[in-house]
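This is protein29.cif (mmCIF, N, CA and C atoms).
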```cif
data_target
#
loop_
_atom_site.label_atom_id
_atom_site.label_comp_id
_atom_site.auth_asym_id
_atom_site.auth_seq_id
_atom_site.Cartn_x
_atom_site.Cartn_y
_atom_site.Cartn_z
N MET A 1 -133.53 183.96 -46.76
CA MET A 1 -133.05 182.97 -47.68
C MET A 1 -131.96 182.10 -47.02
N LYS A 2 -131.08 182.76 -46.27
CA LYS A 2 -129.99 182.05 -45.61
C LYS A 2 -130.53 181.03 -44.62
N LYS A 3 -131.61 181.37 -43.90
CA LYS A 3 -132.23 180.45 -42.93
C LYS A 3 -132.79 179.22 -43.63
N HIS A 4 -133.36 179.41 -44.83
CA HIS A 4 -133.91 178.28 -45.59
C HIS A 4 -132.81 177.31 -46.01
N ILE A 5 -131.69 177.84 -46.42
CA ILE A 5 -130.56 177.00 -46.84
C ILE A 5 -130.03 176.22 -45.65
N ILE A 6 -129.89 176.88 -44.52
CA ILE A 6 -129.41 176.20 -43.31
C ILE A 6 -130.39 175.11 -42.90
N PHE A 7 -131.69 175.39 -42.96
CA PHE A 7 -132.70 174.39 -42.61
C PHE A 7 -132.63 173.18 -43.55
N LEU A 8 -132.49 173.43 -44.85
CA LEU A 8 -132.39 172.33 -45.82
C LEU A 8 -131.14 171.49 -45.58
N PHE A 9 -130.03 172.15 -45.30
CA PHE A 9 -128.78 171.44 -45.03
C PHE A 9 -128.90 170.59 -43.76
N ALA A 10 -129.48 171.15 -42.70
CA ALA A 10 -129.67 170.41 -41.45
C ALA A 10 -130.61 169.22 -41.66
N SER A 11 -131.66 169.41 -42.43
CA SER A 11 -132.60 168.33 -42.73
C SER A 11 -131.91 167.21 -43.50
N LEU A 12 -131.09 167.58 -44.46
CA LEU A 12 -130.36 166.59 -45.24
C LEU A 12 -129.41 165.78 -44.34
N LEU A 13 -128.68 166.45 -43.47
CA LEU A 13 -127.80 165.74 -42.54
C LEU A 13 -128.58 164.79 -41.64
N PHE A 14 -129.72 165.21 -41.15
CA PHE A 14 -130.55 164.36 -40.31
C PHE A 14 -130.99 163.11 -41.06
N LEU A 15 -131.47 163.28 -42.30
CA LEU A 15 -131.91 162.13 -43.09
C LEU A 15 -130.77 161.18 -43.40
N LEU A 16 -129.61 161.70 -43.73
CA LEU A 16 -128.46 160.84 -44.03
C LEU A 16 -127.98 160.09 -42.80
N SER A 17 -127.99 160.73 -41.65
CA SER A 17 -127.55 160.04 -40.43
C SER A 17 -128.54 158.94 -40.06
N GLY A 18 -129.82 159.12 -40.30
CA GLY A 18 -130.82 158.08 -40.03
C GLY A 18 -130.63 156.89 -40.94
N HIS A 19 -130.25 157.12 -42.20
CA HIS A 19 -130.05 156.01 -43.14
C HIS A 19 -128.90 155.12 -42.70
N SER A 20 -127.81 155.72 -42.18
CA SER A 20 -126.68 154.90 -41.75
C SER A 20 -127.06 154.07 -40.52
N ALA A 21 -127.92 154.56 -39.67
CA ALA A 21 -128.36 153.79 -38.51
C ALA A 21 -129.19 152.59 -38.95
N ILE A 22 -130.03 152.76 -39.97
CA ILE A 22 -130.83 151.66 -40.49
C ILE A 22 -129.91 150.57 -41.04
N ALA A 23 -128.91 150.98 -41.81
CA ALA A 23 -128.02 150.00 -42.44
C ALA A 23 -127.23 149.20 -41.42
N GLN A 24 -127.05 149.73 -40.22
CA GLN A 24 -126.25 149.05 -39.21
C GLN A 24 -127.07 148.10 -38.34
N GLN A 25 -128.38 148.02 -38.52
CA GLN A 25 -129.20 147.10 -37.73
C GLN A 25 -128.76 145.67 -37.92
N VAL A 26 -128.37 145.31 -39.13
CA VAL A 26 -127.87 143.98 -39.45
C VAL A 26 -126.54 144.16 -40.15
N SER A 27 -125.53 143.43 -39.70
CA SER A 27 -124.22 143.52 -40.34
C SER A 27 -123.61 142.13 -40.47
N GLY A 28 -122.65 142.02 -41.35
CA GLY A 28 -121.98 140.75 -41.55
C GLY A 28 -120.53 140.94 -41.90
N LYS A 29 -119.72 139.96 -41.55
CA LYS A 29 -118.31 139.96 -41.95
C LYS A 29 -117.83 138.51 -41.99
N PHE A 30 -116.83 138.27 -42.80
CA PHE A 30 -116.25 136.93 -42.88
C PHE A 30 -115.18 136.80 -41.80
N LEU A 31 -115.22 135.70 -41.08
CA LEU A 31 -114.21 135.40 -40.07
C LEU A 31 -113.08 134.56 -40.67
N THR A 32 -113.44 133.59 -41.48
CA THR A 32 -112.49 132.69 -42.14
C THR A 32 -112.90 132.59 -43.60
N THR A 33 -111.95 132.82 -44.52
CA THR A 33 -112.31 132.80 -45.93
C THR A 33 -111.35 132.00 -46.80
N LYS A 34 -110.25 131.56 -46.27
CA LYS A 34 -109.30 130.81 -47.09
C LYS A 34 -109.31 129.36 -46.68
N GLY A 35 -108.98 128.50 -47.61
CA GLY A 35 -109.00 127.07 -47.33
C GLY A 35 -110.39 126.52 -47.60
N ASN A 36 -110.71 125.41 -46.94
CA ASN A 36 -111.99 124.78 -47.25
C ASN A 36 -113.09 125.10 -46.24
N ILE A 37 -112.81 125.93 -45.23
CA ILE A 37 -113.83 126.35 -44.26
C ILE A 37 -114.05 127.85 -44.40
N ILE A 38 -115.31 128.23 -44.60
CA ILE A 38 -115.69 129.64 -44.68
C ILE A 38 -116.65 129.92 -43.52
N LYS A 39 -116.33 130.93 -42.72
CA LYS A 39 -117.22 131.31 -41.62
C LYS A 39 -117.59 132.77 -41.77
N ALA A 40 -118.89 133.04 -41.62
CA ALA A 40 -119.41 134.40 -41.66
C ALA A 40 -120.09 134.69 -40.33
N HIS A 41 -119.90 135.89 -39.83
CA HIS A 41 -120.50 136.33 -38.57
C HIS A 41 -121.57 137.37 -38.90
N ILE A 42 -122.81 137.06 -38.56
CA ILE A 42 -123.94 137.97 -38.79
C ILE A 42 -124.39 138.51 -37.44
N VAL A 43 -124.55 139.82 -37.34
CA VAL A 43 -124.98 140.47 -36.10
C VAL A 43 -126.30 141.19 -36.35
N ILE A 44 -127.28 140.91 -35.49
CA ILE A 44 -128.57 141.58 -35.56
C ILE A 44 -128.72 142.40 -34.28
N LYS A 45 -128.85 143.71 -34.43
CA LYS A 45 -128.95 144.60 -33.27
C LYS A 45 -130.38 145.04 -33.04
N ASN A 46 -130.69 145.33 -31.80
CA ASN A 46 -131.95 145.94 -31.39
C ASN A 46 -133.18 145.37 -32.08
N GLN A 47 -133.79 146.17 -32.94
CA GLN A 47 -135.04 145.81 -33.59
C GLN A 47 -134.76 144.87 -34.77
N ALA A 48 -134.99 143.58 -34.59
CA ALA A 48 -134.68 142.59 -35.63
C ALA A 48 -135.73 142.62 -36.74
N PRO A 49 -135.29 142.42 -37.98
CA PRO A 49 -136.27 142.29 -39.07
C PRO A 49 -137.02 140.97 -38.94
N GLN A 50 -138.18 140.87 -39.61
CA GLN A 50 -138.95 139.63 -39.55
C GLN A 50 -138.23 138.48 -40.22
N SER A 51 -137.49 138.78 -41.28
CA SER A 51 -136.74 137.74 -41.97
C SER A 51 -135.45 138.34 -42.53
N LEU A 52 -134.51 137.46 -42.81
CA LEU A 52 -133.20 137.88 -43.32
C LEU A 52 -132.74 136.85 -44.34
N ILE A 53 -132.31 137.33 -45.49
CA ILE A 53 -131.71 136.47 -46.51
C ILE A 53 -130.22 136.76 -46.51
N VAL A 54 -129.42 135.69 -46.40
CA VAL A 54 -127.97 135.81 -46.49
C VAL A 54 -127.52 135.01 -47.71
N GLU A 55 -126.80 135.67 -48.59
CA GLU A 55 -126.26 135.00 -49.77
C GLU A 55 -124.74 135.08 -49.73
N GLN A 56 -124.11 133.97 -50.09
CA GLN A 56 -122.66 133.96 -50.23
C GLN A 56 -122.34 133.49 -51.64
N ARG A 57 -121.45 134.22 -52.29
CA ARG A 57 -120.99 133.87 -53.64
C ARG A 57 -119.59 133.28 -53.53
N ILE A 58 -119.43 132.10 -54.11
CA ILE A 58 -118.15 131.44 -54.17
C ILE A 58 -117.86 131.14 -55.64
N PRO A 59 -116.63 130.79 -55.98
CA PRO A 59 -116.33 130.52 -57.39
C PRO A 59 -117.22 129.42 -57.97
N LYS A 60 -117.68 129.63 -59.20
CA LYS A 60 -118.52 128.63 -59.88
C LYS A 60 -117.79 127.30 -59.92
N GLY A 61 -118.53 126.23 -59.71
CA GLY A 61 -117.96 124.90 -59.74
C GLY A 61 -117.42 124.42 -58.41
N THR A 62 -117.37 125.31 -57.41
CA THR A 62 -116.92 124.91 -56.07
C THR A 62 -118.01 124.02 -55.46
N LYS A 63 -117.62 122.91 -54.94
CA LYS A 63 -118.57 121.97 -54.34
C LYS A 63 -118.75 122.32 -52.86
N VAL A 64 -119.99 122.46 -52.44
CA VAL A 64 -120.29 122.73 -51.04
C VAL A 64 -120.53 121.38 -50.36
N LEU A 65 -119.66 121.03 -49.42
CA LEU A 65 -119.75 119.74 -48.74
C LEU A 65 -120.73 119.77 -47.57
N SER A 66 -120.79 120.92 -46.87
CA SER A 66 -121.73 121.05 -45.75
C SER A 66 -121.92 122.51 -45.39
N THR A 67 -123.05 122.82 -44.76
CA THR A 67 -123.32 124.16 -44.23
C THR A 67 -123.95 124.01 -42.86
N LYS A 68 -123.67 124.97 -41.99
CA LYS A 68 -124.27 124.99 -40.66
C LYS A 68 -124.56 126.44 -40.31
N PRO A 69 -125.80 126.79 -40.03
CA PRO A 69 -127.00 125.98 -40.18
C PRO A 69 -127.21 125.62 -41.65
N ALA A 70 -128.13 124.71 -41.88
CA ALA A 70 -128.38 124.23 -43.24
C ALA A 70 -128.83 125.38 -44.15
N ALA A 71 -128.20 125.48 -45.31
CA ALA A 71 -128.58 126.49 -46.31
C ALA A 71 -129.86 126.04 -47.01
N GLN A 72 -130.69 127.02 -47.43
CA GLN A 72 -131.92 126.71 -48.15
C GLN A 72 -131.65 126.37 -49.60
N LYS A 73 -130.58 126.97 -50.17
CA LYS A 73 -130.30 126.73 -51.57
C LYS A 73 -128.79 126.73 -51.79
N ILE A 74 -128.31 125.72 -52.52
CA ILE A 74 -126.90 125.62 -52.87
C ILE A 74 -126.83 125.33 -54.37
N SER A 75 -126.10 126.17 -55.09
CA SER A 75 -125.92 125.96 -56.52
C SER A 75 -124.44 126.04 -56.86
N SER A 76 -123.80 124.89 -57.05
CA SER A 76 -122.38 124.87 -57.42
C SER A 76 -122.16 125.48 -58.79
N SER A 77 -123.12 125.30 -59.69
CA SER A 77 -122.96 125.81 -61.05
C SER A 77 -122.93 127.34 -61.10
N SER A 78 -123.69 128.00 -60.23
CA SER A 78 -123.69 129.47 -60.20
C SER A 78 -122.83 130.03 -59.08
N GLY A 79 -122.40 129.18 -58.14
CA GLY A 79 -121.59 129.65 -57.02
C GLY A 79 -122.38 130.39 -55.96
N MET A 80 -123.66 130.05 -55.80
CA MET A 80 -124.54 130.74 -54.86
C MET A 80 -124.96 129.81 -53.73
N VAL A 81 -124.81 130.30 -52.50
CA VAL A 81 -125.31 129.60 -51.31
C VAL A 81 -126.21 130.60 -50.59
N LYS A 82 -127.44 130.16 -50.24
CA LYS A 82 -128.44 131.08 -49.69
C LYS A 82 -129.07 130.50 -48.43
N TRP A 83 -129.17 131.37 -47.40
CA TRP A 83 -129.86 131.04 -46.16
C TRP A 83 -131.05 131.98 -46.01
N LEU A 84 -132.12 131.48 -45.41
CA LEU A 84 -133.28 132.30 -45.08
C LEU A 84 -133.57 132.11 -43.60
N PHE A 85 -133.57 133.21 -42.86
CA PHE A 85 -133.87 133.18 -41.43
C PHE A 85 -135.18 133.92 -41.19
N LYS A 86 -136.07 133.33 -40.38
CA LYS A 86 -137.36 133.95 -40.04
C LYS A 86 -137.48 134.06 -38.53
N ASN A 87 -138.40 134.92 -38.09
CA ASN A 87 -138.68 135.12 -36.66
C ASN A 87 -137.40 135.39 -35.88
N LEU A 88 -136.69 136.40 -36.30
CA LEU A 88 -135.38 136.73 -35.72
C LEU A 88 -135.50 137.50 -34.42
N SER A 89 -134.45 137.43 -33.64
CA SER A 89 -134.30 138.29 -32.47
C SER A 89 -132.86 138.81 -32.50
N ALA A 90 -132.58 139.84 -31.72
CA ALA A 90 -131.25 140.42 -31.69
C ALA A 90 -130.24 139.37 -31.23
N GLY A 91 -129.05 139.42 -31.82
CA GLY A 91 -128.00 138.48 -31.44
C GLY A 91 -127.06 138.20 -32.59
N ASP A 92 -126.21 137.19 -32.40
CA ASP A 92 -125.20 136.81 -33.38
C ASP A 92 -125.54 135.46 -33.99
N GLN A 93 -125.10 135.27 -35.21
CA GLN A 93 -125.25 133.99 -35.90
C GLN A 93 -123.96 133.72 -36.67
N ILE A 94 -123.41 132.53 -36.52
CA ILE A 94 -122.23 132.12 -37.29
C ILE A 94 -122.69 131.15 -38.37
N LEU A 95 -122.34 131.45 -39.62
CA LEU A 95 -122.63 130.57 -40.74
C LEU A 95 -121.33 129.89 -41.15
N THR A 96 -121.34 128.57 -41.19
CA THR A 96 -120.14 127.82 -41.54
C THR A 96 -120.41 126.99 -42.79
N MET A 97 -119.44 127.00 -43.69
CA MET A 97 -119.57 126.26 -44.93
C MET A 97 -118.25 125.55 -45.21
N LYS A 98 -118.33 124.28 -45.57
CA LYS A 98 -117.15 123.51 -45.95
C LYS A 98 -117.22 123.28 -47.46
N VAL A 99 -116.13 123.62 -48.16
CA VAL A 99 -116.13 123.55 -49.62
C VAL A 99 -114.94 122.75 -50.15
N SER A 100 -115.06 122.35 -51.41
CA SER A 100 -113.97 121.66 -52.09
C SER A 100 -114.01 122.08 -53.57
N PRO A 101 -112.91 122.46 -54.15
CA PRO A 101 -111.58 122.60 -53.57
C PRO A 101 -111.51 123.84 -52.67
N PRO A 102 -110.45 123.97 -51.87
CA PRO A 102 -110.31 125.14 -50.99
C PRO A 102 -110.35 126.44 -51.81
N LEU A 103 -110.94 127.47 -51.22
CA LEU A 103 -111.03 128.77 -51.91
C LEU A 103 -109.67 129.44 -51.96
N GLN A 104 -109.42 130.10 -53.06
CA GLN A 104 -108.18 130.85 -53.24
C GLN A 104 -108.39 132.35 -53.02
N LYS A 105 -109.65 132.77 -53.09
CA LYS A 105 -109.94 134.19 -52.86
C LYS A 105 -111.18 134.32 -51.99
N LYS A 106 -111.36 135.52 -51.44
CA LYS A 106 -112.44 135.79 -50.50
C LYS A 106 -113.81 135.71 -51.20
N PRO A 107 -114.78 135.03 -50.55
CA PRO A 107 -116.13 135.02 -51.10
C PRO A 107 -116.80 136.39 -50.91
N ARG A 108 -117.95 136.57 -51.51
CA ARG A 108 -118.72 137.80 -51.34
C ARG A 108 -120.02 137.45 -50.63
N GLY A 109 -120.48 138.35 -49.79
CA GLY A 109 -121.73 138.13 -49.07
C GLY A 109 -122.69 139.29 -49.24
N VAL A 110 -123.99 138.96 -49.16
CA VAL A 110 -125.05 139.98 -49.25
C VAL A 110 -126.09 139.67 -48.19
N LEU A 111 -126.54 140.70 -47.49
CA LEU A 111 -127.64 140.61 -46.52
C LEU A 111 -128.82 141.36 -47.11
N ARG A 112 -130.02 140.75 -47.05
CA ARG A 112 -131.24 141.42 -47.54
C ARG A 112 -132.32 141.28 -46.48
N TYR A 113 -132.99 142.40 -46.19
CA TYR A 113 -134.07 142.39 -45.22
C TYR A 113 -134.90 143.66 -45.36
N ILE A 114 -136.07 143.65 -44.74
CA ILE A 114 -136.93 144.83 -44.67
C ILE A 114 -136.70 145.48 -43.31
N ASP A 115 -136.32 146.75 -43.31
CA ASP A 115 -136.08 147.43 -42.05
C ASP A 115 -137.41 147.59 -41.31
N PRO A 116 -137.50 147.09 -40.07
CA PRO A 116 -138.77 147.16 -39.33
C PRO A 116 -139.21 148.58 -38.99
N ALA A 117 -138.29 149.50 -38.88
CA ALA A 117 -138.63 150.89 -38.51
C ALA A 117 -139.21 151.67 -39.69
N THR A 118 -138.71 151.38 -40.91
CA THR A 118 -139.12 152.18 -42.07
C THR A 118 -139.94 151.41 -43.10
N GLY A 119 -139.84 150.08 -43.07
CA GLY A 119 -140.51 149.27 -44.07
C GLY A 119 -139.77 149.23 -45.40
N LYS A 120 -138.56 149.81 -45.44
CA LYS A 120 -137.78 149.86 -46.68
C LYS A 120 -136.88 148.64 -46.80
N SER A 121 -136.69 148.22 -48.03
CA SER A 121 -135.80 147.09 -48.33
C SER A 121 -134.35 147.54 -48.17
N VAL A 122 -133.54 146.71 -47.52
CA VAL A 122 -132.12 147.01 -47.31
C VAL A 122 -131.31 145.87 -47.91
N GLU A 123 -130.28 146.24 -48.65
CA GLU A 123 -129.33 145.26 -49.18
C GLU A 123 -127.93 145.75 -48.80
N LYS A 124 -127.19 144.88 -48.12
CA LYS A 124 -125.86 145.28 -47.64
C LYS A 124 -124.87 144.19 -48.00
N ARG A 125 -123.79 144.61 -48.63
CA ARG A 125 -122.73 143.67 -49.00
C ARG A 125 -121.71 143.56 -47.88
N PHE A 126 -121.13 142.38 -47.76
CA PHE A 126 -120.04 142.21 -46.79
C PHE A 126 -118.99 141.29 -47.37
#
```
In structure tokens, write the structure found in this file.
Amino acid sequence: MKKHIIFLFASLLFLLSGHSAIAQQVSGKFLTTKGNIIKAHIVIKNQAPQSLIVEQRIPKGTKVLSTKPAAQKISSSSGMVKWLFKNLSAGDQILTMKVSPPLQKKPRGVLRYIDPATGKSVEKRF
């Protein structure tokens, strides 16, 4: 009985450690968040997903003056800015957005993709 419990515990640890590796394939963080320039740094490691959706939430009513690269969808009324990237390879991407009025608090970001190793949907906040 004791061997079965140890085996189950070891299996659980193995599965949990694999999940954290999947979540780290794509990561994001904000470099600049105050004022009228917002910069996000997205990192894609090793096995890149086929596509990646990046969403940034800003206060409702904030006007987006420009984005680089160009965002696919901008909604000032809902405070949502969305990028879609396809045919990815490993590397870094900087997303820059100019807004008015300047932000007073940090925006929120979400990364969504299908993990190429498992086929499972991943959603990660940054």
Practice prompt. State, in Å with one decimal place, the distance from atom C of Glu55 (chain A) to atom N of Thr33 (chain A).
Written response: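 Atom C of Glu55 (chain A) sits 14.0 Å away from atom N of Thr33 (chain A).
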Dump as a Markdown table the rows for residues of region 19-96 of chain A within 8 Å of region 109-124 of chain A: closest atom pair and distance in Å with one decimal, only C-alpha atoms counted, ordered by chain and rising residue number.
```
| residue | atom | partner | partner_atom | distance |
| --- | --- | --- | --- | --- |
| A:Ile22 | CA | A:Asp115 | CA | 6.9 |
| A:Ala23 | CA | A:Val122 | CA | 7.0 |
| A:Val26 | CA | A:Leu111 | CA | 7.8 |
| A:Ser27 | CA | A:Leu111 | CA | 7.6 |
| A:Gly28 | CA | A:Leu111 | CA | 7.5 |
| A:Gln47 | CA | A:Pro116 | CA | 7.0 |
| A:Ala48 | CA | A:Pro116 | CA | 7.2 |
| A:Pro49 | CA | A:Pro116 | CA | 5.5 |
| A:Gln50 | CA | A:Pro116 | CA | 7.5 |
| A:Ser51 | CA | A:Tyr113 | CA | 6.3 |
| A:Leu52 | CA | A:Tyr113 | CA | 5.0 |
| A:Ile53 | CA | A:Arg112 | CA | 5.1 |
| A:Val54 | CA | A:Leu111 | CA | 4.8 |
| A:Glu55 | CA | A:Val110 | CA | 5.2 |
| A:Gln56 | CA | A:Gly109 | CA | 4.4 |
| A:Arg57 | CA | A:Gly109 | CA | 6.3 |
```
Discussion item. Which residues are close to region 63-72 of chain A, i.e. within 7 Å by only N, CA and C atoms, leaving aside same-chain residues fewer than 2 positions away? Reply as a list in words.
Written reply: Lys60, Gly61, Ile74, Ser76, Val81, Lys82, Trp83, Leu84, Ile94, Leu95, Thr96, Met97, Lys98, Val99, Ser100 and Pro101 of chain A
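Of the residues under consideration (A:Ile58, A:Leu31, A:Val43, A:Asp92), A:Ile58 shows the shortest atom-to-atom contact distance to Met80 (chain A) when counting all atoms listed in the file.
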Worksheet item: Rounded to one decimal in Å, what is the spacing between atom C of Ile44 (chain A) and atom C of Lys73 (chain A)?
Response: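 Answer for the atom C of Ile44 (chain A) to atom C of Lys73 (chain A) separation: 23.5 Å.
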Item to complete: Would you please work out which residue, of A:Ser75, A:Phe30, A:Gln25, A:Pro102, is nearest to Phe126 (chain A) when using only C-alpha atoms?
Response: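 Among A:Ser75, A:Phe30, A:Gln25, A:Pro102, it is A:Phe30 that comes nearest to Phe126 (chain A).
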Discussion item. To test your reading of the syntax: which residues would the PyMOL selection byres ((chain A and resi 34) around 8) return for the file shown? Reply as a ChimeraX atom specification.
Written reply: /A:31-33,35-39,102-107
Practice prompt. Name the residues of region 49-125 of chain A that fall into strand (DSSP E) according to DSSP on the backbone, using the chain letters and numbers of this document, as a ChimeraX atom specification.
Written response: /A:51-57,63-68,73-75,80-86,91-103,108-114,121-125
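Taking atom C of Gly79 (chain A) and CA of Lys45 (chain A) as the two end points, the separation is 27.6 Å.
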